[in-house]
$ cat entry_6.csv   # CSV, C-alpha atoms
chain,number,residue,atom,x,y,z
A,354,MET,CA,-45.7,72.9,12.3
A,355,ALA,CA,-49.3,74.3,12.1
A,356,GLU,CA,-47.8,77.8,12.2
A,357,SER,CA,-45.7,77.1,9.0
A,358,VAL,CA,-49.0,76.3,7.2
A,359,LYS,CA,-50.8,79.3,8.7
A,360,VAL,CA,-48.2,81.8,7.4
A,361,LEU,CA,-48.4,80.6,3.8
A,362,PRO,CA,-49.2,83.4,1.3
A,363,GLN,CA,-52.8,84.4,0.7
A,364,ASP,CA,-53.1,82.9,-2.8
A,365,ILE,CA,-52.1,79.5,-1.3
A,366,GLN,CA,-54.4,79.9,1.7
A,367,GLU,CA,-57.3,80.4,-0.8
A,368,ILE,CA,-56.7,76.9,-2.4
A,369,ILE,CA,-56.2,74.9,0.8
A,370,GLU,CA,-58.2,73.9,3.8
A,371,VAL,CA,-56.2,73.4,7.0
A,372,HIS,CA,-57.0,70.9,9.8
A,373,GLU,CA,-54.9,70.7,12.9
A,374,TRP,CA,-55.1,67.7,15.2
A,375,ASP,CA,-54.1,67.9,18.8
A,376,MET,CA,-51.9,64.9,19.6
A,377,ARG,CA,-53.0,65.0,23.3
A,378,THR,CA,-56.5,63.9,22.3
A,379,ARG,CA,-57.9,60.5,21.3
A,380,GLU,CA,-59.1,62.1,18.0
A,381,GLY,CA,-55.6,63.4,17.2
A,382,VAL,CA,-54.0,60.1,18.0
A,383,GLN,CA,-56.5,58.3,15.8
A,384,ARG,CA,-55.8,60.6,12.9
A,385,PHE,CA,-52.1,60.1,13.4
A,386,ARG,CA,-52.6,56.4,13.2
A,387,GLU,CA,-54.8,56.6,10.2
A,388,LEU,CA,-52.0,58.5,8.4
A,389,LYS,CA,-49.5,55.9,9.5
A,390,ALA,CA,-47.3,58.7,10.8
A,391,LYS,CA,-44.4,57.8,13.1
A,392,SER,CA,-43.1,61.0,14.4
A,393,LEU,CA,-44.0,64.6,15.2
A,394,PRO,CA,-44.5,67.1,13.7
A,395,SER,CA,-46.2,65.6,10.6
A,396,VAL,CA,-48.0,67.3,7.7
A,397,ALA,CA,-50.3,65.4,5.4
A,398,LEU,CA,-51.5,66.9,2.1
A,399,ASP,CA,-54.8,65.5,0.6
A,400,GLY,CA,-54.7,62.8,3.3
A,401,GLU,CA,-51.2,61.7,2.4
A,402,LEU,CA,-48.3,62.0,4.8
A,403,VAL,CA,-45.8,64.2,3.1
A,404,TYR,CA,-43.6,65.7,5.8
A,405,GLU,CA,-42.5,64.0,9.0
A,406,SER,CA,-40.2,65.3,11.8
A,407,LEU,CA,-39.3,68.3,9.8
A,408,ILE,CA,-40.7,71.7,9.0
A,409,PRO,CA,-40.2,72.1,5.2
A,410,MET,CA,-39.0,75.4,3.7
A,411,GLN,CA,-42.0,77.6,2.8
A,412,GLU,CA,-41.1,77.4,-0.9
A,413,GLU,CA,-40.9,73.7,-0.9
A,414,MET,CA,-44.3,73.4,0.7
A,415,ILE,CA,-45.8,76.0,-1.7
A,416,ASP,CA,-44.4,74.0,-4.7
A,417,GLU,CA,-45.9,70.8,-3.4
A,418,ILE,CA,-49.3,72.3,-2.8
A,419,ARG,CA,-49.3,74.0,-6.2
A,420,ARG,CA,-48.3,70.7,-7.9
A,421,ARG,CA,-51.1,68.8,-6.2
A,422,TYR,CA,-53.6,71.6,-7.0
A,423,LYS,CA,-52.7,71.5,-10.7
A,424,GLU,CA,-52.9,67.7,-10.8
A,425,LYS,CA,-56.3,67.7,-9.2
A,426,ASN,CA,-57.6,70.4,-11.5
A,427,GLN,CA,-56.3,68.6,-14.6
A,428,ASP,CA,-58.2,65.5,-13.6
A,429,GLU,CA,-61.5,67.4,-13.3
B,907,MET,CA,-78.9,71.0,20.2
B,908,LYS,CA,-81.4,73.4,21.6
B,909,ALA,CA,-80.2,76.5,23.2
B,910,ASP,CA,-81.3,75.4,26.7
B,911,GLU,CA,-79.7,71.9,26.4
B,912,THR,CA,-76.5,71.3,28.3
B,913,LYS,CA,-74.4,68.2,28.6
B,914,ALA,CA,-75.4,65.9,31.5
B,915,LYS,CA,-73.1,66.3,34.5
B,916,ARG,CA,-72.2,63.5,36.8
B,917,PHE,CA,-71.8,64.0,40.5
B,918,ILE,CA,-70.5,61.9,43.4
B,919,TYR,CA,-71.8,63.1,46.8
B,920,PRO,CA,-70.1,61.9,50.0
B,921,THR,CA,-73.0,61.2,52.4
B,922,ARG,CA,-73.3,61.8,56.2
B,923,GLY,CA,-75.2,59.7,58.7
B,924,VAL,CA,-76.6,57.1,56.3
B,925,CYS,CA,-75.4,53.6,55.2
B,926,PRO,CA,-74.2,54.2,51.7
B,927,PRO,CA,-71.1,56.4,51.8
B,928,GLU,CA,-71.7,57.8,48.3
B,929,ILE,CA,-74.5,58.8,46.1
B,930,HIS,CA,-73.8,59.0,42.3
B,931,PHE,CA,-76.2,60.8,40.0
B,932,LYS,CA,-76.4,62.9,36.9
B,933,LEU,CA,-78.2,66.2,36.2
B,934,ASN,CA,-79.3,66.7,32.7
B,935,ASN,CA,-81.2,69.8,31.9
B,936,GLY,CA,-82.7,70.0,35.4
B,937,LYS,CA,-83.6,66.3,35.4
B,938,LEU,CA,-82.2,63.5,37.6
B,939,GLU,CA,-80.6,60.5,35.9
B,940,ASP,CA,-78.6,57.4,36.9
B,941,ILE,CA,-79.0,57.7,40.6
B,942,ARG,CA,-77.1,55.1,42.6
B,943,PHE,CA,-76.6,54.7,46.3
B,944,VAL,CA,-73.2,53.2,46.6
B,945,GLY,CA,-71.4,51.1,49.2
B,946,GLY,CA,-74.2,50.1,51.7
B,947,GLY,CA,-77.8,50.5,52.7
B,948,CYS,CA,-80.8,48.6,51.3
B,949,PRO,CA,-79.9,47.9,47.6
B,950,GLY,CA,-83.5,46.9,46.6
B,951,ASN,CA,-85.1,50.1,48.0
B,952,ALA,CA,-82.3,52.2,46.6
B,953,GLN,CA,-82.8,50.7,43.1
B,954,LEU,CA,-86.5,51.4,43.4
B,955,VAL,CA,-85.9,55.0,44.4
B,956,ALA,CA,-83.5,55.4,41.5
B,957,ARG,CA,-86.0,54.0,39.0
B,958,LEU,CA,-88.9,56.1,40.3
B,959,LEU,CA,-86.8,59.3,40.1
B,960,GLU,CA,-85.2,58.6,36.7
B,961,GLY,CA,-85.8,61.5,34.4
B,962,LYS,CA,-87.9,63.4,36.9
B,963,PRO,CA,-87.4,67.2,36.9
B,964,LEU,CA,-85.7,68.4,40.1
B,965,THR,CA,-88.6,70.5,41.2
B,966,GLU,CA,-90.8,67.5,41.2
B,967,ALA,CA,-88.3,65.1,42.6
B,968,LEU,CA,-87.4,67.3,45.6
B,969,GLU,CA,-91.0,67.1,46.8
B,970,TYR,CA,-90.5,63.3,47.5
B,971,PHE,CA,-87.4,63.9,49.6
B,972,ILE,CA,-88.9,66.1,52.3
B,973,GLY,CA,-89.6,64.9,55.8
B,974,ILE,CA,-88.0,61.4,55.6
B,975,ASP,CA,-86.0,60.4,58.6
B,976,CYS,CA,-84.2,57.1,58.9
B,977,ARG,CA,-81.3,57.4,61.2
B,978,ASN,CA,-79.0,60.2,62.7
B,979,GLY,CA,-81.6,62.7,61.8
B,980,THR,CA,-81.3,62.0,58.1
B,981,SER,CA,-82.0,59.4,55.4
B,982,CYS,CA,-80.9,58.4,51.9
B,983,PRO,CA,-83.6,60.6,50.3
B,984,ASP,CA,-82.6,63.5,52.6
B,985,GLN,CA,-79.0,63.0,51.6
B,986,LEU,CA,-80.0,62.9,47.9
B,987,ALA,CA,-81.8,66.2,48.4
B,988,ALA,CA,-78.7,67.7,50.0
B,989,ALA,CA,-76.6,66.3,47.1
B,990,VAL,CA,-78.8,67.7,44.4
B,991,SER,CA,-79.1,71.1,46.2
B,992,ALA,CA,-75.3,71.3,46.5
B,993,ALA,CA,-74.9,70.5,42.8
B,994,GLU,CA,-77.5,73.0,41.9
B,995,LYS,CA,-75.8,75.8,43.9
B,996,GLY,CA,-72.4,74.9,42.6
B,997,ASN,CA,-71.2,73.7,46.0
B,998,LEU,CA,-70.6,70.2,44.6
B,999,LYS,CA,-68.2,70.0,41.7
B,1000,PRO,CA,-69.0,67.5,38.8
B,1001,ALA,CA,-67.1,64.3,39.3
B,1002,GLU,CA,-63.8,63.7,37.4
B,1003,SER,CA,-64.2,61.6,34.3
B,1004,PHE,CA,-62.2,58.8,36.0
B,1005,ARG,CA,-61.4,58.2,39.6
B,1006,VAL,CA,-57.9,58.9,40.7
B,1007,GLN,CA,-56.5,58.0,44.1
B,1008,ASP,CA,-53.2,59.3,45.4
B,1009,ASP,CA,-51.0,57.4,47.8
B,1010,PRO,CA,-49.5,60.3,49.7
B,1011,ALA,CA,-46.5,58.5,51.1
B,1012,ASP,CA,-43.1,58.8,49.6
B,1013,ARG,CA,-42.1,55.2,48.7
B,1014,ARG,CA,-38.7,53.6,48.2
B,1015,ARG,CA,-39.7,50.0,47.4
B,1016,VAL,CA,-43.1,48.8,46.3
B,1017,GLY,CA,-44.6,45.6,45.0
B,1018,LEU,CA,-46.9,45.5,41.9
B,1019,VAL,CA,-49.4,42.7,41.6
B,1020,GLY,CA,-51.3,42.2,38.4
B,1021,ALA,CA,-54.6,40.6,37.6
B,1022,PRO,CA,-55.4,38.0,40.4
B,1023,GLU,CA,-58.6,37.4,38.4
B,1024,GLY,CA,-60.7,35.9,41.2
B,1025,ASN,CA,-58.0,33.7,42.8
B,1026,PRO,CA,-57.6,34.6,46.5
B,1027,ALA,CA,-55.1,31.7,47.1
B,1028,VAL,CA,-52.7,33.2,44.5
B,1029,LEU,CA,-53.1,36.6,46.0
B,1030,HIS,CA,-52.6,35.2,49.5
B,1031,GLN,CA,-49.3,33.5,48.6
B,1032,ILE,CA,-48.0,36.6,46.8
B,1033,ILE,CA,-48.8,38.8,49.8
B,1034,GLN,CA,-46.9,36.4,52.0
B,1035,ARG,CA,-43.8,36.6,49.8
B,1036,ILE,CA,-44.0,40.3,49.4
B,1037,GLN,CA,-44.3,40.8,53.1
B,1038,ALA,CA,-41.4,38.4,53.7
B,1039,SER,CA,-39.3,40.4,51.3
B,1040,GLY,CA,-39.6,43.6,53.3
B,1041,ILE,CA,-41.4,45.6,50.6
B,1042,GLU,CA,-43.1,48.6,52.3
B,1043,THR,CA,-46.4,48.3,50.4
B,1044,PHE,CA,-47.9,46.9,47.3
B,1045,TYR,CA,-50.6,47.8,44.8
B,1046,CYS,CA,-52.9,45.3,43.1
B,1047,LEU,CA,-54.0,46.1,39.6
B,1048,GLY,CA,-57.2,44.6,38.0
B,1049,ASN,CA,-58.6,42.5,36.7
B,1050,LEU,CA,-59.3,41.6,40.3
B,1051,THR,CA,-62.2,39.6,39.2
B,1052,GLY,CA,-62.3,37.0,36.5
B,1053,ASN,CA,-64.3,34.0,35.3
B,1054,SER,CA,-64.0,32.4,38.7
B,1055,ASP,CA,-66.4,31.3,41.4
B,1056,GLN,CA,-64.1,32.8,44.0
B,1057,ASN,CA,-64.5,36.5,43.0
B,1058,LYS,CA,-66.4,37.1,46.2
B,1059,GLY,CA,-63.7,35.5,48.3
B,1060,LEU,CA,-61.0,37.6,46.6
B,1061,ILE,CA,-63.0,40.8,47.2
B,1062,GLN,CA,-63.5,39.9,50.9
B,1063,LYS,CA,-59.8,39.3,51.3
B,1064,MET,CA,-58.9,42.6,49.7
B,1065,ARG,CA,-61.4,44.5,51.7
B,1066,LYS,CA,-60.3,42.8,55.0
B,1067,GLN,CA,-56.6,43.5,54.3
B,1068,LYS,CA,-57.3,47.0,53.0
B,1069,ILE,CA,-55.2,46.3,49.9
B,1070,LEU,CA,-54.7,49.3,47.6
B,1071,ALA,CA,-56.3,48.1,44.4
B,1072,VAL,CA,-56.9,49.6,40.9
B,1073,GLN,CA,-60.0,48.7,38.9
B,1074,GLY,CA,-59.7,46.6,35.8
B,1075,GLU,CA,-62.1,46.2,32.9
B,1076,ASN,CA,-63.8,43.1,34.3
B,1077,ASP,CA,-64.3,44.9,37.6
B,1078,TRP,CA,-65.8,47.9,35.9
B,1079,ARG,CA,-68.2,45.7,34.0
B,1080,TYR,CA,-69.2,43.9,37.2
B,1081,ALA,CA,-69.7,47.3,38.9
B,1082,LEU,CA,-72.2,48.2,36.2
B,1083,GLY,CA,-73.9,44.8,36.2
B,1084,GLN,CA,-72.6,44.3,32.7
B,1085,GLU,CA,-70.2,41.4,33.3
B,1086,THR,CA,-69.4,39.1,30.4
B,1087,GLU,CA,-71.8,36.3,29.9
B,1088,GLY,CA,-70.9,33.3,32.0
B,1089,MET,CA,-69.2,35.3,34.8
B,1090,PRO,CA,-70.6,34.2,38.1
B,1091,PRO,CA,-73.0,36.8,39.8
B,1092,LEU,CA,-71.9,39.0,42.6
B,1093,GLU,CA,-73.9,40.7,45.3
B,1094,GLN,CA,-74.6,44.4,45.2
B,1095,LYS,CA,-72.2,45.2,48.0
B,1096,GLU,CA,-69.3,43.6,46.1
B,1097,ARG,CA,-70.3,45.4,42.9
B,1098,ASP,CA,-70.4,48.6,44.8
B,1099,TRP,CA,-66.9,48.0,46.2
B,1100,LEU,CA,-65.6,47.4,42.7
B,1101,LEU,CA,-67.4,50.6,41.5
B,1102,ARG,CA,-65.6,52.7,44.1
B,1103,LEU,CA,-62.1,51.5,43.3
B,1104,PRO,CA,-59.8,54.0,41.8
B,1105,GLN,CA,-59.3,53.7,38.0
B,1106,VAL,CA,-55.9,55.4,38.3
B,1107,LEU,CA,-53.6,55.2,41.3
B,1108,SER,CA,-50.7,57.6,41.7
B,1109,PHE,CA,-47.8,57.3,44.0
B,1110,GLN,CA,-44.5,59.0,44.6
B,1111,MET,CA,-41.0,57.4,44.7
B,1112,LYS,CA,-38.6,60.2,45.7
B,1113,GLN,CA,-38.8,62.7,42.9
B,1114,LYS,CA,-40.6,60.3,40.6
B,1115,LYS,CA,-44.4,60.2,40.1
B,1116,ALA,CA,-45.9,56.9,39.1
B,1117,ILE,CA,-49.4,56.1,37.9
B,1118,VAL,CA,-51.1,52.7,37.6
B,1119,PHE,CA,-54.1,52.0,35.4
B,1120,PHE,CA,-55.6,49.0,33.7
B,1121,GLY,CA,-56.2,49.9,30.1
B,1122,ASP,CA,-58.3,51.5,27.4
B,1123,TYR,CA,-61.7,50.9,28.9
B,1124,ILE,CA,-61.1,54.1,30.9
B,1125,GLN,CA,-61.0,56.0,27.6
B,1126,SER,CA,-64.5,54.8,26.8
B,1127,LEU,CA,-66.0,56.1,30.0
B,1128,PRO,CA,-68.9,58.4,29.1
B,1129,ASP,CA,-67.3,61.5,30.7
B,1130,TYR,CA,-63.7,60.8,29.8
B,1131,SER,CA,-61.8,64.0,29.1
B,1132,ASP,CA,-58.5,64.1,27.2
B,1133,PHE,CA,-57.3,67.0,29.4
B,1134,GLU,CA,-57.7,65.6,32.9
B,1135,PRO,CA,-54.5,64.8,34.8
B,1136,PHE,CA,-52.8,61.6,33.5
B,1137,ALA,CA,-55.2,61.4,30.4
B,1138,LEU,CA,-52.3,62.3,28.2
B,1139,GLU,CA,-50.2,59.4,29.5
B,1140,MET,CA,-53.1,57.0,29.0
B,1141,ASN,CA,-53.8,58.3,25.5
B,1142,MET,CA,-50.2,57.8,24.5
B,1143,VAL,CA,-49.9,54.3,26.0
B,1144,CYS,CA,-53.3,52.9,24.9
B,1145,GLY,CA,-54.0,54.8,21.6
B,1146,LEU,CA,-50.7,55.8,20.2
B,1147,THR,CA,-48.4,52.9,21.0
B,1148,ASP,CA,-50.9,50.1,21.4
B,1149,PHE,CA,-49.6,49.4,24.9
B,1150,MET,CA,-46.0,49.9,23.7
B,1151,GLN,CA,-46.3,47.1,21.1
B,1152,ASP,CA,-45.8,49.5,18.1
B,1153,GLU,CA,-42.2,50.7,18.4
B,1154,THR,CA,-42.5,52.5,15.1
B,1155,VAL,CA,-44.4,55.4,16.8
B,1156,PHE,CA,-41.9,55.7,19.7
B,1157,PRO,CA,-40.4,58.9,18.0
B,1158,ALA,CA,-43.9,60.5,18.4
B,1159,LEU,CA,-44.1,59.2,21.9
B,1160,GLU,CA,-40.8,60.8,22.7
B,1161,ALA,CA,-42.0,64.1,21.3
B,1162,MET,CA,-45.1,64.0,23.6
B,1163,ILE,CA,-43.2,62.9,26.8
B,1164,PRO,CA,-42.1,66.4,27.9
B,1165,GLN,CA,-45.8,67.1,28.5
B,1166,PHE,CA,-46.2,64.1,30.8
B,1167,SER,CA,-46.8,64.7,34.5
B,1168,ALA,CA,-45.9,61.1,35.5
B,1169,ASP,CA,-42.5,59.5,35.3
B,1170,MET,CA,-43.5,55.9,35.5
B,1171,ILE,CA,-46.6,54.5,33.8
B,1172,VAL,CA,-47.8,51.1,34.8
B,1173,PHE,CA,-50.6,49.3,33.0
B,1174,GLY,CA,-52.2,45.9,32.9
B,1175,GLN,CA,-54.3,45.3,29.8
B,1176,LEU,CA,-51.5,43.6,27.9
B,1177,LYS,CA,-51.4,40.7,30.4
B,1178,LYS,CA,-47.7,40.2,29.9
B,1179,TRP,CA,-44.6,41.6,31.5
B,1180,GLY,CA,-42.7,44.4,29.8
B,1181,HIS,CA,-40.5,47.3,30.7
B,1182,TRP,CA,-39.5,50.2,28.4
B,1183,HIS,CA,-37.4,53.2,29.3
B,1184,ILE,CA,-38.0,56.0,26.9
B,1185,ALA,CA,-36.8,59.6,27.2
B,1186,GLY,CA,-36.4,59.3,30.9
B,1187,LYS,CA,-39.8,57.7,31.6
B,1188,ASP,CA,-40.5,54.1,32.6
B,1189,PHE,CA,-43.4,52.2,31.0
B,1190,ILE,CA,-44.2,49.0,32.7
B,1191,SER,CA,-46.7,46.3,31.6
B,1192,LEU,CA,-47.8,44.1,34.5
B,1193,GLY,CA,-48.2,40.4,33.8
B,1194,PRO,CA,-50.8,38.3,35.6
B,1195,ALA,CA,-50.3,37.2,39.2
B,1196,SER,CA,-50.2,33.6,38.2
B,1197,TYR,CA,-48.9,31.8,35.2
B,1198,GLU,CA,-49.1,28.0,34.6
B,1199,LYS,CA,-48.1,26.8,38.1
B,1200,GLY,CA,-46.1,29.8,39.2
B,1201,LEU,CA,-46.6,33.2,40.7
B,1202,SER,CA,-45.2,36.5,39.5
B,1203,TRP,CA,-45.2,40.1,40.7
B,1204,GLY,CA,-43.1,43.2,40.1
B,1205,GLN,CA,-40.9,45.2,42.4
B,1206,LEU,CA,-40.1,48.8,41.9
B,1207,GLU,CA,-37.2,50.3,43.8
B,1208,VAL,CA,-35.7,53.8,43.8
B,1209,GLU,CA,-32.1,54.4,44.7
B,1210,ASP,CA,-30.1,57.5,44.0
B,1211,GLU,CA,-32.9,58.8,41.8
B,1212,LYS,CA,-32.6,55.7,39.7
B,1213,ILE,CA,-35.6,53.4,39.2
B,1214,GLU,CA,-35.0,49.7,39.2
B,1215,PHE,CA,-37.8,47.3,38.1
B,1216,LYS,CA,-37.7,43.6,38.7
B,1217,ILE,CA,-40.1,40.8,37.9
B,1218,ILE,CA,-40.1,38.2,40.7
B,1219,ARG,CA,-41.3,34.7,40.0
B,1220,SER,CA,-41.8,31.9,42.5
B,1221,GLU,CA,-43.5,28.5,42.8
B,1222,TYR,CA,-47.1,28.2,43.5
B,1223,LYS,CA,-47.7,25.9,46.5
B,1224,GLY,CA,-50.9,23.9,46.5
B,1225,GLY,CA,-54.4,25.1,45.8

$ encode --input "entry_6.csv" --output "structure tokens"
Amino acid sequence: MAESVKVLPQDIQEIIEVHEWDMRTREGVQRFRELKAKSLPSVALDGELVYESLIPMQEEMIDEIRRRYKEKNQDE
Amino acid sequence: MKADETKAKRFIYPTRGVCPPEIHFKLNNGKLEDIRFVGGGCPGNAQLVARLLEGKPLTEALEYFIGIDCRNGTSCPDQLAAAVSAAEKGNLKPAESFRVQDDPADRRRVGLVGAPEGNPAVLHQIIQRIQASGIETFYCLGNLTGNSDQNKGLIQKMRKQKILAVQGENDWRYALGQETEGMPPLEQKERDWLLRLPQVLSFQMKQKKAIVFFGDYIQSLPDYSDFEPFALEMNMVCGLTDFMQDETVFPALEAMIPQFSADMIVFGQLKKWGHWHIAGKDFISLGPASYEKGLSWGQLEVEDEKIEFKIIRSEYKGG
């Protein structure tokens, strides 16, 4: 799942910050619980669980990131 | 952190020729910390030595050790010197973050006893019944001690009968001298016995590897590492599934299971019986050895590569 984020185009990479948690660790498990995730792999955007158990198509993820980016910047 | 600072490393040194079979200590930037002579000897003197040497640089501390003979041409200080030297030279590896014991025998039918909590009479009756049932061996999971004035009697029984036991959280707290308020005191030798108990026991049943551990206090041990053998299983049981009580995360558990090295995971913290079979692995929660007026224990049997788990209950007679 992390790979699908890492291969996003450069213009998207520039507007996001990626954190990857290792589910083998207590820290990873704690983050998983905080997000109220249920299955793996999981992707959260802005601390909100968006994709679970599936790797979204790249375009779908790009659209979602752009939508959130626009929303945030409108608010500011 | 300064450039010359490193994380304190904990060591366990198996002694030779002296009363305590182990010396535990830490090295932190060339200084000695948390020295403990475990399992025998003169506890008062040993504590004094530990206090005097706490935080002393090795070069200074080693001067105190030289030329002390007690028995067999050595002494506790001499053994501590050997231990520290071995650690310094890299001949003594840092201790694992939790203590794992492996039962090397290949088992077919074993008994699992949970939490006798300082009741030797209950343990005695369960042992009698287990032995009468032809089970080849059994493992006793903590809490071995509880809020009971018979903790000492229980420990003596377990030591005498060489029962394979796994430390529980009460036992760990006793070992550190940090028992819950109101728990009756124990002598140093009993605390040392509790300290030396394995925190994880592993055993084999045909092709299946089983582990037994109490619960999440192990994850809070100061040197706990997420990457030691069986840590993954413990992290999943304790942290992810809340001791298998949160079924909503079982899909995530299933995704992690292929990385497990154990096939059966037995734990005790829940203090009630339970058995889950998920993605080819068995998760077993051990209930207490006694309930109301009855006794209970578990039986694991392997036949044709298939694991069968039963909870056995019987009447408690007297006591």

$ interface_residues --input "entry_6.csv" --of "chain B" --to "chain A" --cutoff "12 Å" --atoms "all atoms listed in the file" --output "ChimeraX atom specification"
/B:1122,1124-1126,1130-1148,1152-1166

$ residues_around --input "entry_6.csv" --residues "Leu398 of chain A" --least-positions-apart "4" --cutoff "8 Å" --atoms "only C-alpha atoms" --output "ChimeraX atom specification"
/A:402-403,418

$ residues_around --input "entry_6.csv" --residues "Ile1041 of chain B" --least-positions-apart "6" --cutoff "12 Å" --atoms "only C-alpha atoms" --output "PDB file with C-alpha atoms, keeping the file's coordinate frame"
ATOM      1  CA  ARG B1013     -42.100  55.200  48.700  1.00  0.00           C
ATOM      2  CA  ARG B1014     -38.700  53.600  48.200  1.00  0.00           C
ATOM      3  CA  ARG B1015     -39.700  50.000  47.400  1.00  0.00           C
ATOM      4  CA  VAL B1016     -43.100  48.800  46.300  1.00  0.00           C
ATOM      5  CA  GLY B1017     -44.600  45.600  45.000  1.00  0.00           C
ATOM      6  CA  LEU B1018     -46.900  45.500  41.900  1.00  0.00           C
ATOM      7  CA  ILE B1032     -48.000  36.600  46.800  1.00  0.00           C
ATOM      8  CA  ILE B1033     -48.800  38.800  49.800  1.00  0.00           C
ATOM      9  CA  GLN B1034     -46.900  36.400  52.000  1.00  0.00           C
ATOM     10  CA  ARG B1035     -43.800  36.600  49.800  1.00  0.00           C
ATOM     11  CA  TRP B1203     -45.200  40.100  40.700  1.00  0.00           C
ATOM     12  CA  GLY B1204     -43.100  43.200  40.100  1.00  0.00           C
ATOM     13  CA  GLN B1205     -40.900  45.200  42.400  1.00  0.00           C
ATOM     14  CA  LEU B1206     -40.100  48.800  41.900  1.00  0.00           C
ATOM     15  CA  GLU B1207     -37.200  50.300  43.800  1.00  0.00           C
TER      16      GLU B1207
END

$ residues_around --input "entry_6.csv" --residues "Pro927 of chain B" --least-positions-apart "6" --cutoff "6 Å" --atoms "only C-alpha atoms" --output "list in words"
Pro920, Thr921 and Gly945 of chain B

$ atom_distance --input "entry_6.csv" --atom1 "atom CA of Pro963 of chain B" --atom2 "atom CA of Gly936 of chain B"
5.7 Å

$ atom_distance --input "entry_6.csv" --atom1 "atom CA of Val944 of chain B" --atom2 "atom CA of His930 of chain B"
7.2 Å

$ build_atoms --input "entry_6.csv" --residues "segment 1026-1038 of chain B" --atoms "N, CA and C atoms" --output "mmCIF file, in the frame of the given file"
data_model
loop_
_atom_site.group_PDB
_atom_site.id
_atom_site.type_symbol
_atom_site.label_atom_id
_atom_site.label_comp_id
_atom_site.auth_asym_id
_atom_site.auth_seq_id
_atom_site.Cartn_x
_atom_site.Cartn_y
_atom_site.Cartn_z
ATOM 1 N N PRO B 1026 -58.143 34.072 45.208
ATOM 2 C CA PRO B 1026 -57.600 34.600 46.500
ATOM 3 C C PRO B 1026 -56.409 33.784 46.986
ATOM 4 N N ALA B 1027 -56.294 32.495 46.603
ATOM 5 C CA ALA B 1027 -55.100 31.700 47.100
ATOM 6 C C ALA B 1027 -53.855 32.238 46.455
ATOM 7 N N VAL B 1028 -53.907 32.588 45.179
ATOM 8 C CA VAL B 1028 -52.700 33.200 44.500
ATOM 9 C C VAL B 1028 -52.358 34.485 45.183
ATOM 10 N N LEU B 1029 -53.354 35.311 45.399
ATOM 11 C CA LEU B 1029 -53.100 36.600 46.000
ATOM 12 C C LEU B 1029 -52.494 36.424 47.412
ATOM 13 N N HIS B 1030 -53.041 35.461 48.164
ATOM 14 C CA HIS B 1030 -52.600 35.200 49.500
ATOM 15 C C HIS B 1030 -51.071 34.834 49.512
ATOM 16 N N GLN B 1031 -50.697 33.953 48.591
ATOM 17 C CA GLN B 1031 -49.300 33.500 48.600
ATOM 18 C C GLN B 1031 -48.360 34.669 48.112
ATOM 19 N N ILE B 1032 -48.842 35.474 47.184
ATOM 20 C CA ILE B 1032 -48.000 36.600 46.800
ATOM 21 C C ILE B 1032 -47.833 37.594 47.909
ATOM 22 N N ILE B 1033 -48.907 37.856 48.622
ATOM 23 C CA ILE B 1033 -48.800 38.800 49.800
ATOM 24 C C ILE B 1033 -47.799 38.270 50.781
ATOM 25 N N GLN B 1034 -47.870 36.983 51.063
ATOM 26 C CA GLN B 1034 -46.900 36.400 52.000
ATOM 27 C C GLN B 1034 -45.479 36.637 51.574
ATOM 28 N N ARG B 1035 -45.224 36.402 50.308
ATOM 29 C CA ARG B 1035 -43.800 36.600 49.800
ATOM 30 C C ARG B 1035 -43.431 38.029 49.780
ATOM 31 N N ILE B 1036 -44.363 38.883 49.407
ATOM 32 C CA ILE B 1036 -44.000 40.300 49.400
ATOM 33 C C ILE B 1036 -43.717 40.797 50.799
ATOM 34 N N GLN B 1037 -44.533 40.369 51.744
ATOM 35 C CA GLN B 1037 -44.300 40.800 53.100
ATOM 36 C C GLN B 1037 -42.969 40.259 53.650
ATOM 37 N N ALA B 1038 -42.638 39.018 53.264
ATOM 38 C CA ALA B 1038 -41.400 38.400 53.700
ATOM 39 C C ALA B 1038 -40.171 39.133 53.094
#
